[in-house]
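*Asks:* The following block contains the structure, expressed as structure tokens.
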Amino acid sequence: MSTLLQINPVLRVSTSTGRIMQEVGDLAMQHGWKSYIAYSKGRDGIRECASQVIPVGNVCDTWWHGLQTRLFDRHGLASATPTRQLIRQIEKIQPDIIHIHNIHGYFLNYQILFKYLSACGIPVVWTVHDCWLYTGHCYYYSYVKCNKWQSGCGHCPQKTAFPASYLFDRSQKNYRDKEAAFTSMPEDKLTIVPVSNWIKEEMQQSFLKSYRFRVIHNGIDTNVFNIGASQELVDKYRLDGKHILLGVASIWSKEKGLDDFIRMANMLHGNEVIVLIGIKPGDRKKLPGNIVGISRTENIHQLAEWYSTAEVFINPTWQDNYPTVNMEAIACGTPVVTYRTGGSIEAITSDTGIVVGQGNVRGLLEAARRIRERGKSYYQELCRSYALNHFRKEDRYIDYLTLYNELKQK
């Protein structure tokens, strides 16, 4: 029996990486694999899932790592003892494949981990969900238009952004430390899996450019995210007769386009309304009257109903890899209008939406109106068909299993 070990700071399915990791493990077990998942106990406590879990560290370790990050910009360089404990677990279970999702998240020391991984001979798959692994500090750099990661970092313009450091700027040293640790891996033992073509192209300009890349887009549950508009939601929020422009984010910020939506509100006609899901209760009072702010949906099925009920899904993100929200909207038969940002454009075709230039708020709104003129009915089945052909999580996770088997045979 083959054995898979996955690593990620969070296990809970309310996070995209936790859900993906659990579902990949589930599929591996369905195909006869033994599945283990290592995660941060300090972040997620004790949790259960179908795979066997390996809790790493504790709350004190997480707080200590956070302090090292906040004061000294040493994210990923604390948690030495928990990392050594994880290595002992790896030696005990002897996995055939180690699949890393994220190692940033206040729970591992990447230098210690990669010293072991570079010598143990186990094939490593690393899914790239953001840019942290090849920068000196940040996890995205598009919003501030910084390309220092191509030449070594230093004087980081996002020192106080996640993972924030309020005292020292160690970005140049972090860059060198990451380069030394990650490129210590033998090239035939590390496969990098970007979840978008955009981040693959970025990484091919990084210190990891000589490694093997295999793009595997994320997937979603197309049974849950399906066409099914809700008159009940329309009635509850008094939206009857309104053209609903929907935005969804787990955390709204300038980078996610919150300010752009507020600017757009000043351009709306009387029969148009913006609905934003994920708004903090304290921020709701800052929204103009033609924006409906909702903290969260009651459940994932209600979220799917919002996607289906909306006329257009608008994603004014300024930095993104491969947004799940775009896939979810399209699977519910709703076309997407988005900025030409990172991997946000990769699910958009002439049948599934429209792309406009970054910062062109009026262009977003005009694109939404063009979709209305053509009629949502024109897009609905085209979007659904595209989703079934490209977004089914079962298909995307099989891509991982295929990769695992290829690596085992080398």
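Chain labels A, B, ... are given in the sequence in which chains occur in the structure tokens; within each chain residues are numbered consecutively from 1, and ligands are likewise numbered from 1 in the order shown.
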Can you pull out the residues contacting Ile98 in chain A? Cut-off 10 Å, using only C-alpha atoms, and skip same-chain residues under 2 positions away; I want them as a PyMOL selection string.

*Replies:* chain A and resi 3-7+36-37+90+94-96+100-101+117+122-126+190+404

*Asks:* Which residues in range 149-315 of chain A does DSSP call alpha helix (DSSP H)? List them as a ChimeraX atom specification.

*Replies:* /A:171-182,197-203,231-236,258-265,281-284,300-309

*Asks:* Return as JSON lines the residues of range 119-183 of chain A lying at most 9 Å from range 196-199 of chain A, together with the closest atom-to-atom pair for each and the distance in Å to one decimal, counting only C-alpha atoms, with rows in chain order and ascending residue number.

*Replies:*
{"residue": "A:Val128", "atom": "CA", "partner": "A:Ile199", "partner_atom": "CA", "distance": 8.0}
{"residue": "A:His129", "atom": "CA", "partner": "A:Ser196", "partner_atom": "CA", "distance": 8.8}
{"residue": "A:Asp130", "atom": "CA", "partner": "A:Ile199", "partner_atom": "CA", "distance": 8.0}
{"residue": "A:Cys131", "atom": "CA", "partner": "A:Ile199", "partner_atom": "CA", "distance": 7.7}

*Asks:* With C-alpha atoms retained, write the just-selected residues as a CSV table (one decimal), in the first residue's frame.

*Replies:*
chain,number,residue,atom,x,y,z
A,128,VAL,CA,1.7,26.8,-5.0
A,129,HIS,CA,-1.3,28.7,-3.7
A,130,ASP,CA,0.4,32.1,-3.4
A,131,CYS,CA,3.8,33.7,-3.9

*Asks:* So, with only C-alpha atoms as the atoms that count, which of A:Thr127, A:Asn326, A:Gln380, A:Thr341 lies closest to Ser308 in chain A?

*Replies:*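 Of the candidates, the smallest distance to Ser308 in chain A is held by A:Gln380.
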
*Asks:* So that I can see what lies close to Phe114 in chain A, please list as a list in words the residues with an atom at most 12 Å from it, counting only C-alpha atoms and leaving out residues fewer than 4 positions away in the same chain.

*Replies:*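 Selected residues are Gly76, Leu77, Thr83, Arg84, Ile87, Ile98, Ile100, Ile103, Leu108, Asn109, Tyr110, Ser118, Ala119, Cys120, Gly121, Ile122, Val124, Asp177, Lys178, Glu179, Ala180, Ala181, Phe182, Thr183, Ser184, Met185, Pro186, Lys189 and Leu190 of chain A.
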
*Asks:* Could the residues in this selection be written to a file with N, CA and C atoms, as a compact mmCIF listing (two decimals), in the first residue's frame?

*Replies:*
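Output below, filename part.txt:
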# COMPACT_ATOMS: atom_id res chain seq x y z
N GLY A 76 8.53 31.58 9.17
CA GLY A 76 9.02 30.32 8.63
C GLY A 76 10.34 29.87 9.21
N LEU A 77 10.86 30.62 10.19
CA LEU A 77 12.18 30.30 10.75
C LEU A 77 12.12 30.04 12.25
N THR A 83 9.11 21.22 14.17
CA THR A 83 9.54 20.71 12.86
C THR A 83 10.33 19.42 13.03
N ARG A 84 11.21 19.37 14.01
CA ARG A 84 11.96 18.12 14.27
C ARG A 84 11.03 16.99 14.68
N ILE A 87 9.47 15.66 11.55
CA ILE A 87 10.43 14.84 10.81
C ILE A 87 10.50 13.43 11.40
N ILE A 98 5.41 13.09 -0.42
CA ILE A 98 5.11 14.19 0.48
C ILE A 98 4.54 15.33 -0.36
N ILE A 100 3.27 19.09 -0.16
CA ILE A 100 3.19 20.34 0.59
C ILE A 100 2.16 21.25 -0.06
N ILE A 103 3.62 26.01 3.82
CA ILE A 103 4.42 25.83 5.04
C ILE A 103 4.54 27.14 5.80
N LEU A 108 6.10 25.90 11.05
CA LEU A 108 7.25 25.07 10.66
C LEU A 108 8.48 25.94 10.42
N ASN A 109 9.64 25.31 10.57
CA ASN A 109 10.92 25.92 10.21
C ASN A 109 11.34 25.32 8.87
N TYR A 110 11.29 26.13 7.81
CA TYR A 110 11.53 25.57 6.47
C TYR A 110 12.98 25.15 6.26
N SER A 118 15.66 17.33 1.37
CA SER A 118 16.66 17.27 0.30
C SER A 118 17.53 16.02 0.39
N ALA A 119 17.53 15.38 1.56
CA ALA A 119 18.39 14.22 1.76
C ALA A 119 17.65 12.90 1.85
N CYS A 120 16.33 12.94 2.09
CA CYS A 120 15.61 11.70 2.40
C CYS A 120 15.25 10.88 1.16
N GLY A 121 15.24 11.50 0.00
CA GLY A 121 14.95 10.77 -1.23
C GLY A 121 13.48 10.58 -1.54
N ILE A 122 12.59 11.16 -0.73
CA ILE A 122 11.15 11.03 -0.97
C ILE A 122 10.71 12.10 -1.98
N VAL A 124 8.74 15.01 -3.57
CA VAL A 124 7.95 16.08 -2.97
C VAL A 124 7.14 16.79 -4.06
N ASP A 177 17.79 32.97 2.25
CA ASP A 177 17.55 31.76 3.04
C ASP A 177 16.60 30.80 2.32
N LYS A 178 15.52 31.35 1.74
CA LYS A 178 14.58 30.51 1.01
C LYS A 178 15.25 29.90 -0.21
N GLU A 179 15.98 30.71 -0.95
CA GLU A 179 16.65 30.20 -2.14
C GLU A 179 17.58 29.04 -1.78
N ALA A 180 18.36 29.19 -0.70
CA ALA A 180 19.29 28.13 -0.30
C ALA A 180 18.53 26.88 0.14
N ALA A 181 17.46 27.07 0.92
CA ALA A 181 16.72 25.91 1.43
C ALA A 181 15.96 25.18 0.33
N PHE A 182 15.22 25.90 -0.48
CA PHE A 182 14.34 25.25 -1.45
C PHE A 182 15.11 24.68 -2.65
N THR A 183 16.17 25.35 -3.06
CA THR A 183 16.95 24.83 -4.19
C THR A 183 17.93 23.74 -3.75
N SER A 184 17.94 23.41 -2.46
CA SER A 184 18.75 22.26 -2.01
C SER A 184 18.09 20.95 -2.44
N MET A 185 16.81 21.01 -2.81
CA MET A 185 16.11 19.81 -3.26
C MET A 185 16.68 19.34 -4.59
N PRO A 186 16.98 18.06 -4.73
CA PRO A 186 17.37 17.54 -6.05
C PRO A 186 16.26 17.80 -7.06
N LYS A 189 13.49 15.33 -7.55
CA LYS A 189 12.68 14.97 -6.38
C LYS A 189 11.64 16.02 -6.02
N LEU A 190 11.63 17.16 -6.72
CA LEU A 190 10.66 18.20 -6.42
C LEU A 190 9.86 18.54 -7.67

*Asks:* Each residue of range 256-350 of chain A lying at most 9 Å from range 213-229 of chain A should get a row with its shortest atom-to-atom pair and the distance in Å to one decimal, counting only C-alpha atoms; could you produce that, ordered by chain and increasing number, as JSON lines?

*Replies:*
{"residue": "A:Ile300", "atom": "CA", "partner": "A:Val224", "partner_atom": "CA", "distance": 7.7}
{"residue": "A:His301", "atom": "CA", "partner": "A:Val224", "partner_atom": "CA", "distance": 6.4}
{"residue": "A:Leu303", "atom": "CA", "partner": "A:Phe225", "partner_atom": "CA", "distance": 8.5}
{"residue": "A:Ala304", "atom": "CA", "partner": "A:Phe225", "partner_atom": "CA", "distance": 5.3}
{"residue": "A:Glu305", "atom": "CA", "partner": "A:Ala229", "partner_atom": "CA", "distance": 5.3}
{"residue": "A:Trp306", "atom": "CA", "partner": "A:Ala229", "partner_atom": "CA", "distance": 7.1}
{"residue": "A:Tyr307", "atom": "CA", "partner": "A:Ala229", "partner_atom": "CA", "distance": 7.8}
{"residue": "A:Ser308", "atom": "CA", "partner": "A:Ala229", "partner_atom": "CA", "distance": 4.7}
{"residue": "A:Thr309", "atom": "CA", "partner": "A:Ala229", "partner_atom": "CA", "distance": 4.3}
{"residue": "A:Ala310", "atom": "CA", "partner": "A:Ala229", "partner_atom": "CA", "distance": 8.0}
{"residue": "A:Tyr322", "atom": "CA", "partner": "A:His217", "partner_atom": "CA", "distance": 7.5}
{"residue": "A:Pro323", "atom": "CA", "partner": "A:Asn218", "partner_atom": "CA", "distance": 8.9}
{"residue": "A:Thr324", "atom": "CA", "partner": "A:Asn218", "partner_atom": "CA", "distance": 7.6}
{"residue": "A:Met327", "atom": "CA", "partner": "A:Ile220", "partner_atom": "CA", "distance": 7.3}
{"residue": "A:Glu328", "atom": "CA", "partner": "A:Phe225", "partner_atom": "CA", "distance": 5.9}
{"residue": "A:Ala329", "atom": "CA", "partner": "A:Phe225", "partner_atom": "CA", "distance": 7.7}
{"residue": "A:Ile330", "atom": "CA", "partner": "A:Phe225", "partner_atom": "CA", "distance": 8.7}
{"residue": "A:Ala331", "atom": "CA", "partner": "A:Asn226", "partner_atom": "CA", "distance": 5.6}
{"residue": "A:Cys332", "atom": "CA", "partner": "A:Asn226", "partner_atom": "CA", "distance": 4.4}
{"residue": "A:Gly333", "atom": "CA", "partner": "A:Ile227", "partner_atom": "CA", "distance": 5.7}
{"residue": "A:Thr334", "atom": "CA", "partner": "A:Ile227", "partner_atom": "CA", "distance": 8.5}

*Asks:* Return the single residue from A:Tyr143, A:Tyr106, A:Trp149, A:Phe72 that is closest to Arg170 in chain A, with distances computed using only C-alpha atoms.

*Replies:* A:Phe72

*Asks:* List every residue of range 310-404 of chain A that DSSP, applied to the backbone of this structure, assigns to strand (DSSP E), and report them as a PyMOL selection string.

*Replies:* chain A and resi 312-315+336-339+353-356

*Asks:* For a quick check of understanding, using only C-alpha atoms, which of A:Ala164, A:Leu233, A:Val195, A:Val361 has the smallest distance to Asp260 in chain A?

*Replies:*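 Ranked by minimum distance to Asp260 in chain A, first place goes to A:Val361.
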
*Asks:* Figure out the distance between CA of Gly270 in chain A and CA of Tyr378 in chain A, please, to one decimal in Å.

*Replies:*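 These two atoms are separated by 24.3 Å.
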
*Asks:* What lies within 9 Å of Gln158 in chain A using only C-alpha atoms, ignoring chain neighbours under 4 positions off, as a PyMOL selection string?

*Replies:* chain A and resi 137-138+141+144+162+164

*Asks:* Any idea what's packed within 12 Å of Arg374 in chain A, counting only C-alpha atoms, ignoring anything in its chain fewer than 6 positions away? Could you give it as a PyMOL selection string?

*Replies:* chain A and resi 311-312+335+351+353+367-368+380

*Asks:* A:Arg296, A:Ser206, A:Ile314, A:Tyr166: which is nearest Gly152 in chain A, counting only C-alpha atoms?

*Replies:*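 Nearest to Gly152 in chain A: A:Ser206.
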
*Asks:* With only C-alpha atoms as the counted atoms, please give the residues lying no more than 12 Å from Ser253 in chain A, apart from itself and same-chain residues fewer than 3 positions off, as a VMD selection string.

*Replies:* chain A and resid 143 248 to 250 256 to 262 278 to 280 283 316 to 319

*Asks:* With N, CA, C and O atoms retained, write the just-selected residues as a compact mmCIF listing (two decimals), in the first residue's frame.

*Replies:*
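What landed in part-v6.txt:
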# COMPACT_ATOMS: atom_id res chain seq x y z
N TYR A 143 -0.36 44.12 -6.25
CA TYR A 143 -1.02 45.38 -5.90
C TYR A 143 -0.03 46.52 -5.79
O TYR A 143 -0.31 47.65 -6.20
N VAL A 248 -18.05 38.52 -3.78
CA VAL A 248 -17.86 37.60 -2.65
C VAL A 248 -16.38 37.57 -2.28
O VAL A 248 -15.52 37.46 -3.16
N ALA A 249 -16.07 37.65 -0.98
CA ALA A 249 -14.70 37.49 -0.50
C ALA A 249 -14.76 37.01 0.94
O ALA A 249 -15.69 37.33 1.68
N SER A 250 -13.77 36.23 1.34
CA SER A 250 -13.70 35.81 2.74
C SER A 250 -13.27 36.98 3.61
O SER A 250 -13.74 37.14 4.74
N LYS A 256 -8.76 43.27 -2.61
CA LYS A 256 -9.87 42.48 -3.12
C LYS A 256 -10.87 43.32 -3.91
O LYS A 256 -11.78 42.79 -4.53
N GLY A 257 -10.72 44.66 -3.83
CA GLY A 257 -11.57 45.53 -4.64
C GLY A 257 -12.72 46.19 -3.91
O GLY A 257 -13.65 46.69 -4.56
N LEU A 258 -12.68 46.23 -2.57
CA LEU A 258 -13.78 46.85 -1.83
C LEU A 258 -13.94 48.32 -2.20
O LEU A 258 -15.06 48.79 -2.44
N ASP A 259 -12.83 49.06 -2.27
CA ASP A 259 -12.91 50.47 -2.64
C ASP A 259 -13.47 50.66 -4.04
O ASP A 259 -14.18 51.62 -4.33
N ASP A 260 -13.18 49.71 -4.93
CA ASP A 260 -13.67 49.79 -6.30
C ASP A 260 -15.19 49.60 -6.34
O ASP A 260 -15.89 50.27 -7.12
N PHE A 261 -15.72 48.71 -5.50
CA PHE A 261 -17.16 48.54 -5.43
C PHE A 261 -17.84 49.81 -4.90
O PHE A 261 -18.91 50.21 -5.37
N ILE A 262 -17.21 50.45 -3.91
CA ILE A 262 -17.79 51.68 -3.37
C ILE A 262 -17.78 52.78 -4.44
O ILE A 262 -18.76 53.55 -4.56
N GLY A 278 -19.42 38.68 2.78
CA GLY A 278 -18.14 38.62 3.47
C GLY A 278 -17.79 39.93 4.16
O GLY A 278 -16.67 40.09 4.67
N ILE A 279 -18.74 40.87 4.21
CA ILE A 279 -18.50 42.18 4.83
C ILE A 279 -18.55 42.05 6.35
O ILE A 279 -19.49 41.47 6.91
N LYS A 280 -17.54 42.58 7.03
CA LYS A 280 -17.54 42.58 8.48
C LYS A 280 -18.69 43.48 8.98
O LYS A 280 -18.95 44.53 8.39
N ASP A 283 -17.99 47.12 9.18
CA ASP A 283 -17.77 47.83 7.93
C ASP A 283 -19.06 48.11 7.16
O ASP A 283 -19.08 48.91 6.23
N PRO A 316 -13.30 42.50 -8.73
CA PRO A 316 -12.30 43.54 -8.99
C PRO A 316 -11.01 43.32 -8.21
O PRO A 316 -10.43 44.26 -7.65
N THR A 317 -10.53 42.10 -8.16
CA THR A 317 -9.33 41.78 -7.39
C THR A 317 -8.08 42.36 -8.05
O THR A 317 -7.94 42.36 -9.27
N TRP A 318 -7.18 42.85 -7.21
CA TRP A 318 -5.92 43.43 -7.70
C TRP A 318 -4.77 42.45 -7.62
O TRP A 318 -3.69 42.70 -8.17
N GLN A 319 -4.94 41.36 -6.90
CA GLN A 319 -3.90 40.32 -6.84
C GLN A 319 -4.56 39.00 -6.48
O GLN A 319 -5.28 38.90 -5.51

*Asks:* So how far away is CA of Tyr397 in chain A from CA of Arg12 in chain A, in Å?

*Replies:* 18.0 Å

*Asks:* Using only C-alpha atoms, determine which residues lie at most 6 Å from Phe107 in chain A, disregarding the query and same-chain residues fewer than 3 positions distant; provide the list as an mmCIF file with C-alpha atoms, in the first residue's frame.

*Replies:*
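Final output, result.cif:
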data_model
loop_
_atom_site.group_PDB
_atom_site.id
_atom_site.type_symbol
_atom_site.label_atom_id
_atom_site.label_comp_id
_atom_site.auth_asym_id
_atom_site.auth_seq_id
_atom_site.Cartn_x
_atom_site.Cartn_y
_atom_site.Cartn_z
ATOM 1 C CA SER A 40 -0.770 23.189 12.925
ATOM 2 C CA THR A 62 2.286 29.409 17.204
ATOM 3 C CA SER A 79 9.074 26.373 15.344
#

*Asks:* Would you mind reading off the distance between CA of Asp169 in chain A and CA of Asp73 in chain A, one decimal, in Å?

*Replies:*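 CA of Asp73 in chain A lies 6.1 Å from CA of Asp169 in chain A.
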
*Asks:* So, counting only C-alpha atoms, which residue among A:Thr349, A:Ser2, A:Gln111, A:Ser165 is closest to His31 in chain A?

*Replies:*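 Between A:Thr349, A:Ser2, A:Gln111, A:Ser165, the residue approaching His31 in chain A most closely is A:Ser2.
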